[in-house]
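Asks: File follows, data-v5.cif with mmCIF, C-alpha atoms and all ligand atoms:
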data_query
loop_
_atom_site.label_atom_id
_atom_site.label_comp_id
_atom_site.auth_asym_id
_atom_site.auth_seq_id
_atom_site.Cartn_x
_atom_site.Cartn_y
_atom_site.Cartn_z
CA MET A 15 -83.48 -43.59 -219.89
CA GLU A 16 -80.07 -42.11 -219.25
CA VAL A 17 -78.93 -38.72 -218.09
CA SER A 18 -75.58 -37.11 -218.69
CA ILE A 19 -73.91 -34.44 -216.61
CA ASP A 20 -71.51 -31.92 -218.08
CA LEU A 21 -69.02 -32.05 -215.24
CA GLU A 22 -67.31 -28.91 -216.55
CA LYS A 23 -70.57 -26.99 -216.01
CA CYS A 24 -71.36 -28.48 -212.59
CA ALA A 25 -70.92 -25.81 -209.93
CA GLY A 26 -71.76 -27.94 -206.92
CA HIS A 27 -75.33 -26.81 -206.28
CA ALA A 28 -76.30 -30.36 -205.25
CA ARG A 29 -79.93 -29.89 -206.27
CA CYS A 30 -79.74 -33.03 -208.39
CA TYR A 31 -78.94 -35.00 -205.27
CA ALA A 32 -81.75 -33.29 -203.37
CA ALA A 33 -84.18 -34.31 -206.13
CA SER A 34 -82.93 -37.87 -206.43
CA PRO A 35 -80.30 -39.03 -203.91
CA GLU A 36 -80.38 -42.61 -205.19
CA LEU A 37 -79.32 -41.54 -208.70
CA PHE A 38 -76.66 -38.89 -208.10
CA ASP A 39 -73.34 -39.18 -206.32
CA LEU A 40 -71.54 -36.06 -205.19
CA ASP A 41 -68.04 -35.47 -203.93
CA GLU A 42 -67.42 -33.97 -200.49
CA SER A 43 -67.74 -30.46 -201.97
CA GLY A 44 -71.12 -31.20 -203.54
CA TYR A 45 -69.95 -31.63 -207.13
CA ALA A 46 -71.39 -34.38 -209.30
CA LEU A 47 -69.09 -37.37 -209.73
CA ASN A 48 -70.60 -39.32 -212.62
CA ALA A 49 -71.01 -38.02 -216.16
CA GLU A 50 -73.33 -40.82 -217.29
CA ILE A 51 -76.17 -42.23 -215.22
CA SER A 52 -78.52 -45.06 -216.12
CA VAL A 53 -81.96 -44.39 -214.70
CA PRO A 54 -83.80 -47.50 -213.52
CA ASP A 55 -87.38 -48.01 -214.63
CA GLY A 56 -89.66 -46.02 -212.38
CA ASP A 57 -87.08 -43.39 -211.47
CA GLU A 58 -87.67 -41.27 -214.58
CA PRO A 59 -89.80 -38.64 -212.78
CA ALA A 60 -87.09 -38.08 -210.17
CA ALA A 61 -84.45 -37.91 -212.89
CA ARG A 62 -86.44 -35.32 -214.85
CA GLU A 63 -86.92 -33.31 -211.67
CA ALA A 64 -83.15 -33.34 -211.23
CA VAL A 65 -82.61 -32.22 -214.83
CA ALA A 66 -84.97 -29.29 -214.27
CA SER A 67 -83.48 -28.41 -210.90
CA CYS A 68 -79.88 -27.79 -211.97
CA PRO A 69 -79.26 -24.03 -212.07
CA GLU A 70 -76.30 -24.53 -214.40
CA ARG A 71 -78.33 -26.61 -216.89
CA ALA A 72 -75.56 -29.19 -216.59
CA ILE A 73 -77.80 -32.28 -216.65
CA HIS A 74 -79.43 -33.56 -219.82
CA GLU A 75 -81.80 -36.37 -220.60
CA ARG A 76 -80.51 -38.69 -223.31
FE1 LIG B 101 -73.89 -29.90 -210.23
FE2 LIG B 101 -76.22 -29.12 -211.12
FE3 LIG B 101 -76.08 -31.17 -209.52
S1 LIG B 101 -74.54 -27.78 -210.55
S2 LIG B 101 -74.28 -30.82 -208.24
S3 LIG B 101 -75.22 -31.05 -211.57
S4 LIG B 101 -77.59 -29.55 -209.45
#
Would it be possible to restate this file's structure as structure tokens?

Replies:
Amino acid sequence: MEVSIDLEKCAGHARCYAASPELFDLDESGYALNAEISVPDGDEPAAREAVASCPERAIHER
């Protein structure tokens, strides 16, 4: 599984990181740094929680 983040839509809510800190890297202002993230086996539930948690709908499962 992979997730992509539309960095143009990211508004720095940091809820993705709260849902799954091992998958998401943020800059010092709380904005997502990586547009493409490979989700290791077993981390899919946390990744889907992050997708659902983003208020900007910036994260998508691929
Ligand atoms: Fe950005 Fe959404 Fe995460 S706004 S920091 S991708 S929760």

Asks: Give the residue list for ligand LIG 101 (chain B) at 8 Å, counting all atoms listed in the file, as a PyMOL selection string, sorted by chain and then by residue number.

Replies: chain A and resi 19-21+23-31+38+40+44-46+64-65+67-73

Asks: Go through A:Pro54, A:Glu22, A:Arg76, A:Arg62 one by one, measure the shortest atom-to-atom distance of each to A:Glu36 using all atoms listed in the file, and give the residue with the smallest value.

Replies: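 Of the candidates, the smallest distance to A:Glu36 is held by A:Pro54.
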
Asks: Could you name the residues that touch A:Ala60 at 9 Å or less, counting only C-alpha atoms, but leaving out those on the same chain fewer than 3 positions away, as a PyMOL selection string?

Replies: chain A and resi 33-34+37+56-57+63-65

Asks: Counting only C-alpha atoms, figure out which residue out of A:Ala32, A:Asn48, A:Asp41, A:Glu58 gets nearest to A:Ser18.

Replies: A:Asn48

Asks: Would you mind telling me which residue in A:Ala66, A:Ile51, A:Glu16, A:Glu75 lies nearest to A:Asp39 when using all atoms listed in the file?

Replies: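 Of the candidates, the smallest distance to A:Asp39 is held by A:Ile51.
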
Asks: My list of candidates is A:Ser43, A:His74, A:Pro59, A:Pro35. Which is closest to A:Val17 when distances are computed with all atoms listed in the file?

Replies: A:His74

Asks: Since the input is missing atoms, can you rebuild N, CA and C atoms for stretch 41-74 of chain A and write them as an mmCIF file, keeping the file's coordinate frame?

Replies:
data_model
loop_
_atom_site.group_PDB
_atom_site.id
_atom_site.type_symbol
_atom_site.label_atom_id
_atom_site.label_comp_id
_atom_site.auth_asym_id
_atom_site.auth_seq_id
_atom_site.Cartn_x
_atom_site.Cartn_y
_atom_site.Cartn_z
ATOM 1 N N ASP A 41 -69.254 -35.422 -204.740
ATOM 2 C CA ASP A 41 -68.040 -35.470 -203.930
ATOM 3 C C ASP A 41 -68.266 -34.683 -202.640
ATOM 4 N N GLU A 42 -67.242 -34.591 -201.814
ATOM 5 C CA GLU A 42 -67.420 -33.970 -200.490
ATOM 6 C C GLU A 42 -67.698 -32.469 -200.584
ATOM 7 N N SER A 43 -67.436 -31.882 -201.764
ATOM 8 C CA SER A 43 -67.740 -30.460 -201.970
ATOM 9 C C SER A 43 -69.086 -30.236 -202.639
ATOM 10 N N GLY A 44 -69.795 -31.324 -202.952
ATOM 11 C CA GLY A 44 -71.120 -31.200 -203.540
ATOM 12 C C GLY A 44 -71.131 -31.209 -205.052
ATOM 13 N N TYR A 45 -70.007 -31.555 -205.669
ATOM 14 C CA TYR A 45 -69.950 -31.630 -207.130
ATOM 15 C C TYR A 45 -70.306 -33.037 -207.590
ATOM 16 N N ALA A 46 -70.996 -33.092 -208.745
ATOM 17 C CA ALA A 46 -71.390 -34.380 -209.300
ATOM 18 C C ALA A 46 -70.158 -35.193 -209.700
ATOM 19 N N LEU A 47 -70.223 -36.493 -209.453
ATOM 20 C CA LEU A 47 -69.090 -37.370 -209.730
ATOM 21 C C LEU A 47 -69.217 -38.110 -211.048
ATOM 22 N N ASN A 48 -70.437 -38.455 -211.456
ATOM 23 C CA ASN A 48 -70.600 -39.320 -212.620
ATOM 24 C C ASN A 48 -71.185 -38.568 -213.803
ATOM 25 N N ALA A 49 -70.550 -38.728 -214.963
ATOM 26 C CA ALA A 49 -71.010 -38.020 -216.160
ATOM 27 C C ALA A 49 -72.181 -38.731 -216.829
ATOM 28 N N GLU A 50 -72.275 -40.036 -216.641
ATOM 29 C CA GLU A 50 -73.330 -40.820 -217.290
ATOM 30 C C GLU A 50 -74.062 -41.630 -216.228
ATOM 31 N N ILE A 51 -75.379 -41.530 -216.237
ATOM 32 C CA ILE A 51 -76.170 -42.230 -215.220
ATOM 33 C C ILE A 51 -77.312 -42.976 -215.903
ATOM 34 N N SER A 52 -77.391 -44.269 -215.654
ATOM 35 C CA SER A 52 -78.520 -45.060 -216.120
ATOM 36 C C SER A 52 -79.649 -44.954 -215.110
ATOM 37 N N VAL A 53 -80.813 -44.588 -215.588
ATOM 38 C CA VAL A 53 -81.960 -44.390 -214.700
ATOM 39 C C VAL A 53 -82.820 -45.650 -214.708
ATOM 40 N N PRO A 54 -82.960 -46.300 -213.561
ATOM 41 C CA PRO A 54 -83.800 -47.500 -213.520
ATOM 42 C C PRO A 54 -85.257 -47.181 -213.829
ATOM 43 N N ASP A 55 -85.957 -48.186 -214.369
ATOM 44 C CA ASP A 55 -87.380 -48.010 -214.630
ATOM 45 C C ASP A 55 -88.089 -47.542 -213.368
ATOM 46 N N GLY A 56 -88.912 -46.549 -213.513
ATOM 47 C CA GLY A 56 -89.660 -46.020 -212.380
ATOM 48 C C GLY A 56 -89.044 -44.773 -211.771
ATOM 49 N N ASP A 57 -87.748 -44.564 -212.035
ATOM 50 C CA ASP A 57 -87.080 -43.390 -211.470
ATOM 51 C C ASP A 57 -87.039 -42.206 -212.433
ATOM 52 N N GLU A 58 -87.718 -42.345 -213.581
ATOM 53 C CA GLU A 58 -87.670 -41.270 -214.580
ATOM 54 C C GLU A 58 -88.208 -39.934 -214.038
ATOM 55 N N PRO A 59 -89.321 -39.934 -213.287
ATOM 56 C CA PRO A 59 -89.800 -38.640 -212.780
ATOM 57 C C PRO A 59 -88.778 -37.924 -211.895
ATOM 58 N N ALA A 60 -88.109 -38.682 -211.039
ATOM 59 C CA ALA A 60 -87.090 -38.080 -210.170
ATOM 60 C C ALA A 60 -85.919 -37.577 -210.999
ATOM 61 N N ALA A 61 -85.556 -38.331 -212.036
ATOM 62 C CA ALA A 61 -84.450 -37.910 -212.890
ATOM 63 C C ALA A 61 -84.801 -36.623 -213.629
ATOM 64 N N ARG A 62 -86.041 -36.548 -214.128
ATOM 65 C CA ARG A 62 -86.440 -35.320 -214.850
ATOM 66 C C ARG A 62 -86.518 -34.127 -213.888
ATOM 67 N N GLU A 63 -86.914 -34.382 -212.664
ATOM 68 C CA GLU A 63 -86.920 -33.310 -211.670
ATOM 69 C C GLU A 63 -85.499 -32.803 -211.448
ATOM 70 N N ALA A 64 -84.553 -33.731 -211.406
ATOM 71 C CA ALA A 64 -83.150 -33.340 -211.230
ATOM 72 C C ALA A 64 -82.658 -32.522 -212.416
ATOM 73 N N VAL A 65 -83.014 -32.957 -213.638
ATOM 74 C CA VAL A 65 -82.610 -32.220 -214.830
ATOM 75 C C VAL A 65 -83.113 -30.773 -214.731
ATOM 76 N N ALA A 66 -84.370 -30.629 -214.340
ATOM 77 C CA ALA A 66 -84.970 -29.290 -214.270
ATOM 78 C C ALA A 66 -84.419 -28.461 -213.126
ATOM 79 N N SER A 67 -83.887 -29.122 -212.111
ATOM 80 C CA SER A 67 -83.480 -28.410 -210.900
ATOM 81 C C SER A 67 -82.080 -27.804 -210.983
ATOM 82 N N CYS A 68 -81.283 -28.251 -211.938
ATOM 83 C CA CYS A 68 -79.880 -27.790 -211.970
ATOM 84 C C CYS A 68 -79.795 -26.355 -212.473
ATOM 85 N N PRO A 69 -79.328 -25.426 -211.642
ATOM 86 C CA PRO A 69 -79.260 -24.030 -212.070
ATOM 87 C C PRO A 69 -78.268 -23.793 -213.201
ATOM 88 N N GLU A 70 -77.312 -24.694 -213.351
ATOM 89 C CA GLU A 70 -76.300 -24.530 -214.400
ATOM 90 C C GLU A 70 -76.721 -25.192 -215.711
ATOM 91 N N ARG A 71 -77.885 -25.846 -215.720
ATOM 92 C CA ARG A 71 -78.330 -26.610 -216.890
ATOM 93 C C ARG A 71 -77.240 -27.612 -217.314
ATOM 94 N N ALA A 72 -76.662 -28.258 -216.325
ATOM 95 C CA ALA A 72 -75.560 -29.190 -216.590
ATOM 96 C C ALA A 72 -76.033 -30.614 -216.849
ATOM 97 N N ILE A 73 -77.300 -30.906 -216.535
ATOM 98 C CA ILE A 73 -77.800 -32.280 -216.650
ATOM 99 C C ILE A 73 -78.765 -32.358 -217.831
ATOM 100 N N HIS A 74 -78.587 -33.405 -218.628
ATOM 101 C CA HIS A 74 -79.430 -33.560 -219.820
ATOM 102 C C HIS A 74 -79.951 -34.971 -219.915
#
